[in-house]
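Chemist: Handing you this structure, nothing more for now.
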Amino acid sequence: MAGEDCVRKRQSGSTTTCKTPENEETQRRPESERSFQNSSNGRVDVDHVITRKMQLIAEAEQLKPAFMKEVDSHFTEFVNSLVAKSALLDSSSSASLFPASCSEKELHKAKTLRAPPEHGKIFTARRSLLDELFEVSHIRTIYHMFIALLIVFILSTLLVDFIDEGRLVLGFDLLVFVFGKFPVVFCTWLCMFCATVIVPYNLYIWWAQGYCSSSHRVIHSLFYGTLFMLFQTAGLGFGPTYIAVSYALPPASRFIVILEQVRLVMKAHSFVRENVPRVLSSVKDKSSTVPIPRISQYLYFLFAPTLIYRDNYPRNPMIRWGYVATKFAQVLGSLFYAYYIFVRLCIPQFHNSSQETFNLRGLVLCIFNSILPGVLILFLVFFAFLHCWLNAFAEMLRFADRMFYKDWWNSTSYANYYRTWNVVVHDWLYYYAYRDFLWFFGKKFKAAAMLSVFTVSAAVHEYVLSICFGYFYPVLFCLFMCFGMVFNFILNDRRKGPIWNVIMWTSLFLGQGVIICLYSQEWYARQYCPMENPTFLDYLKPRSWSCHMKM
């Protein structure tokens, strides 16, 4: 052994250096490290430590690009393999649906049939994108910056009120006003929800049970389809709108009623659209059982944060009540955030706007001054509703598919932005408006199908704003149909460079400024220039154009 040889040499008085593993390791070390360990007076050489640290940092910075490039290449290969496997699965499923023995005529006929529900949207367990991004400290810092900005708004409001009033004014008169008449709102929602539970479900059961044994199936289907359309237009369509207008509900209360109206209409349509083909297929196959979903499945769908009906969804094993409380707290915080934005940035600007002479310079300044509050409201609507509100309900229902939005902020085209901003509504429009349009008219009319989807979406958005604000001023409709359609074809998916993302954000900022400026001017114009006996045309004509001249 090496240790025993050293002992013998020491005993014999030999001066030969024994080669132990420790000594060999010491000899192999760089001269710089040995000089560091043998520094004078046993003190640490601080300069050497700093120099060595800087060398290591420089080496790490040199290795970082290569490492990130390697990770990106492996990730790209992984995604490409997933896409290839998905295409393989699609081709295998198509082969199973259309066997090789069937003729070309039968194959064409089978392809023209409406796709069954299971070939539509596929739900899978996945987290929301912001939940994943907030685990990164750099992204979480941006969230902290928005909280700090809220604190600044609160301090600004409190200090200005203290200087003007000589005391702290903690009233929230604006919130109390916009959410007024809440009992009427709750009763209206309860009636809408109960009607949606009872009418579509029972109409579907009666139609499905009678369709199998009916000798006049077309007349039978037309009868129940007419009843369902009457319920959608008169029951869910006209009723809530009449209550919102006749009871003169304030803006936020109207938003609750009208948005719930639209949501329930879309859900009822999805329930019927997904289940009717199942009955037709069972009759064609001469099945003895009629596929009727349980009422519990329908109720779960009405509360679930999706507009696409399925009998079953992927579920999480447990409910994280702390997560639910956090999301509802963030919704409440976003509500107060919006309150302070309107109090500090919007109301002071537009309160006296109707008393000023209308000119192009004032309009341009108004639009650019409205960009900041408009963009902040856009972020708050996205964060409060699409992230916090939907995730809170998904957690309470153990709903596992949390892809309510995608990375719309990275979009380089408006086509991608429309697909990723609100995935919940986009899925409904894609499967029930766009794809059904192509199924009915043929795949040659893709441009017409896209135009119809844009028209429906723009009309519904304008309908919501018109009812909630109490006047018709089609600013959003014009932006949607004119600039939105043009940008959808100009800024298409072939635009991939960073400059296109800058262009997309610039146009989005300008659009938000136009919306906030024009709608706010019209709101205050109708407050300052009321009409004693307005006609129907008076509700359609913009009051802000004439109110300035009267002043």
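Note on naming: chains are A, B, ... as they come in the structure tokens, residues start from 1 per chain, ligands start from 1 in the order shown.
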Can you check which parts of segment 141-171 of chain A lie within 10 Å of segment 329-338 of chain A? Per residue, the shortest pair of atoms and distance in Å to one decimal, counting only C-alpha atoms, sorted by chain and number, as a Markdown table.
Modeler:
| residue | atom | partner | partner_atom | distance |
| --- | --- | --- | --- | --- |
| A:Phe146 | CA | A:Tyr337 | CA | 9.5 |
| A:Ile147 | CA | A:Tyr337 | CA | 9.0 |
| A:Leu149 | CA | A:Tyr337 | CA | 9.1 |
| A:Leu150 | CA | A:Tyr337 | CA | 6.1 |
| A:Ile151 | CA | A:Tyr337 | CA | 9.2 |
| A:Phe153 | CA | A:Tyr337 | CA | 8.2 |
| A:Ile154 | CA | A:Tyr337 | CA | 8.8 |
Chemist: Within 10 Å of Pro293 of chain A, counting only C-alpha atoms, which residues qualify if same-chain residues fewer than 3 places away don't, as a PyMOL selection string?
Modeler: chain A and resi 201+204-205+271+275+290+296-298+310-311
Chemist: I'd like the contact shell of Met485 of chain A - 10 Å cut-off, only C-alpha atoms, skipping same-chain residues fewer than 5 positions apart - returned as a ChimeraX atom specification.
Modeler: /A:414-415,450-451,454-455,478-480,490-491
Chemist: I need the chosen residues saved as a compact mmCIF listing (two decimals), in the first residue's frame, with all heavy atoms.
Modeler:
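The new file part_7.txt reads:
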# COMPACT_ATOMS: atom_id res chain seq x y z
N TYR A 414 -53.02 39.42 -36.70
CA TYR A 414 -54.32 39.52 -36.06
C TYR A 414 -55.08 38.20 -36.15
O TYR A 414 -55.93 37.92 -35.31
CB TYR A 414 -55.13 40.65 -36.69
CG TYR A 414 -55.00 41.94 -35.93
CD1 TYR A 414 -53.95 42.81 -36.19
CD2 TYR A 414 -55.89 42.27 -34.93
CE1 TYR A 414 -53.80 43.98 -35.49
CE2 TYR A 414 -55.76 43.44 -34.22
CZ TYR A 414 -54.71 44.29 -34.49
OH TYR A 414 -54.57 45.44 -33.78
N ALA A 415 -54.79 37.40 -37.17
CA ALA A 415 -55.43 36.08 -37.24
C ALA A 415 -55.06 35.24 -36.03
O ALA A 415 -55.92 34.58 -35.42
CB ALA A 415 -55.01 35.38 -38.53
N MET A 450 -65.31 33.02 -42.99
CA MET A 450 -64.60 33.91 -42.09
C MET A 450 -65.31 35.25 -41.94
O MET A 450 -65.41 35.80 -40.83
CB MET A 450 -63.17 34.13 -42.61
CG MET A 450 -62.29 34.94 -41.69
SD MET A 450 -60.62 35.16 -42.37
CE MET A 450 -60.08 33.45 -42.44
N LEU A 451 -65.84 35.77 -43.06
CA LEU A 451 -66.58 37.03 -43.00
C LEU A 451 -67.84 36.90 -42.14
O LEU A 451 -68.16 37.80 -41.38
CB LEU A 451 -66.95 37.47 -44.42
CG LEU A 451 -67.74 38.77 -44.53
CD1 LEU A 451 -66.95 39.95 -43.98
CD2 LEU A 451 -68.14 39.02 -45.99
N PHE A 454 -66.77 36.94 -38.49
CA PHE A 454 -66.46 38.30 -38.08
C PHE A 454 -67.73 39.12 -37.86
O PHE A 454 -67.84 39.88 -36.90
CB PHE A 454 -65.58 38.97 -39.13
CG PHE A 454 -64.12 38.91 -38.82
CD1 PHE A 454 -63.34 37.85 -39.26
CD2 PHE A 454 -63.51 39.91 -38.08
CE1 PHE A 454 -61.99 37.79 -38.98
CE2 PHE A 454 -62.16 39.87 -37.78
CZ PHE A 454 -61.39 38.79 -38.24
N THR A 455 -68.68 38.96 -38.76
CA THR A 455 -69.92 39.73 -38.66
C THR A 455 -70.70 39.36 -37.40
O THR A 455 -71.19 40.23 -36.68
CB THR A 455 -70.79 39.50 -39.91
OG1 THR A 455 -70.02 39.82 -41.08
CG2 THR A 455 -72.04 40.35 -39.86
N CYS A 478 -67.46 49.06 -36.26
CA CYS A 478 -66.69 49.57 -37.40
C CYS A 478 -65.22 49.16 -37.31
O CYS A 478 -64.60 48.78 -38.31
CB CYS A 478 -66.81 51.09 -37.49
SG CYS A 478 -68.50 51.67 -37.86
N LEU A 479 -64.65 49.23 -36.10
CA LEU A 479 -63.27 48.79 -35.93
C LEU A 479 -63.13 47.31 -36.24
O LEU A 479 -62.14 46.87 -36.86
CB LEU A 479 -62.79 49.08 -34.50
CG LEU A 479 -62.61 50.55 -34.12
CD1 LEU A 479 -62.22 50.66 -32.66
CD2 LEU A 479 -61.55 51.20 -34.99
N PHE A 480 -64.12 46.54 -35.80
CA PHE A 480 -64.08 45.09 -36.02
C PHE A 480 -64.18 44.77 -37.50
O PHE A 480 -63.38 43.99 -38.05
CB PHE A 480 -65.24 44.44 -35.26
CG PHE A 480 -64.82 43.28 -34.40
CD1 PHE A 480 -64.71 43.42 -33.03
CD2 PHE A 480 -64.52 42.05 -34.97
CE1 PHE A 480 -64.33 42.36 -32.24
CE2 PHE A 480 -64.15 40.98 -34.18
CZ PHE A 480 -64.04 41.13 -32.82
N ILE A 490 -54.05 41.35 -43.94
CA ILE A 490 -52.71 41.92 -44.14
C ILE A 490 -51.73 41.31 -43.14
O ILE A 490 -50.66 40.82 -43.51
CB ILE A 490 -52.75 43.46 -44.01
CG1 ILE A 490 -53.59 44.07 -45.13
CG2 ILE A 490 -51.33 44.02 -44.04
CD1 ILE A 490 -53.72 45.57 -45.05
N LEU A 491 -52.09 41.38 -41.85
CA LEU A 491 -51.24 40.77 -40.81
C LEU A 491 -51.66 39.32 -40.64
O LEU A 491 -52.26 38.93 -39.64
CB LEU A 491 -51.37 41.55 -39.49
CG LEU A 491 -50.98 43.02 -39.53
CD1 LEU A 491 -51.16 43.65 -38.15
CD2 LEU A 491 -49.55 43.18 -39.99
Chemist: Measuring between only C-alpha atoms, which one of A:Pro314, A:Ala208, A:Leu345, A:Gly235 shows the shortest distance to Ile292 of chain A?
Modeler: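 Smallest separation from Ile292 of chain A among the options: A:Ala208.
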Chemist: Restricting the calculation to only C-alpha atoms: of A:Gln521, A:Thr535, A:Gln55, A:Ser413, which residue gets closest to Leu363 of chain A?
Modeler: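 The shortest atom-to-atom distance to Leu363 of chain A comes from A:Gln521.
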Chemist: Which residues are close to Thr241 of chain A, i.e. within 12 Å by only C-alpha atoms, leaving aside same-chain residues fewer than 3 positions away? Reply as a PyMOL selection string.
Modeler: chain A and resi 185+188-189+192+233-238+244-249+253-262+463-464+466-468+470
Chemist: Write out as a PyMOL selection string the residues lying within 12 Å of segment 364-376 of chain A, counting only C-alpha atoms and excluding same-chain residues fewer than 5 positions away.
Modeler: chain A and resi 146+149-150+334-335+337-350+353+356+358-359+381-384+505-521
Chemist: Could you tell me how far atom CA of Tyr430 of chain A sits from atom CA of Gly497 of chain A, in Å to one decimal place?
Modeler: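 Distance reported for this atom pair: 26.5 Å.
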Chemist: Just how far from atom CA of Phe134 of chain A is atom CA of Ala148 of chain A, in Å to one decimal?
Modeler: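 Atom-to-atom, atom CA of Ala148 of chain A and atom CA of Phe134 of chain A are spaced 16.5 Å apart.
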Chemist: As a PyMOL selection string, please: the residues near Arg320 of chain A (cut-off 12 Å, only C-alpha atoms, same-chain neighbours under 5 positions excluded).
Modeler: chain A and resi 325-327+391-399
Chemist: Which parts of segment 275-437 of chain A does DSSP call alpha helix (DSSP H) when run on the backbone here, written out as a PyMOL selection string?
Modeler: chain A and resi 275-284+295-303+321-341+347-350+360-369+371-381+390-396+414-421+423-429+435-437
Chemist: I'd like the neighbourhood of segment 422-424 of chain A as a PyMOL selection string, where a residue qualifies if any of its atoms comes within 7 Å (using only C-alpha atoms), though same-chain residues fewer than 6 positions away should be ignored.
Modeler: chain A and resi 306-307+404-405
Chemist: Store the residues picked out above in a file with N, CA, C and O atoms, as a tab-separated table (two decimals), in the first residue's frame.
Modeler:
chain	number	residue	atom	x	y	z
A	306	THR	N	-66.50	26.43	-20.16
A	306	THR	CA	-66.35	26.09	-21.56
A	306	THR	C	-67.70	26.25	-22.24
A	306	THR	O	-68.74	26.18	-21.58
A	307	LEU	N	-67.67	26.46	-23.54
A	307	LEU	CA	-68.90	26.60	-24.33
A	307	LEU	C	-69.11	25.41	-25.25
A	307	LEU	O	-70.02	25.43	-26.08
A	404	PHE	N	-57.82	28.60	-21.33
A	404	PHE	CA	-58.83	29.59	-21.67
A	404	PHE	C	-58.28	30.66	-22.62
A	404	PHE	O	-59.05	31.44	-23.17
A	405	TYR	N	-56.98	30.71	-22.76
A	405	TYR	CA	-56.30	31.67	-23.63
A	405	TYR	C	-54.94	31.09	-23.95
A	405	TYR	O	-54.48	30.12	-23.32
Chemist: Mind giving me the straight-line distance from atom CA of Asp401 of chain A to atom CA of Asn416 of chain A in Å, one decimal?
Modeler: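 Atom CA of Asn416 of chain A lies 20.6 Å from atom CA of Asp401 of chain A.
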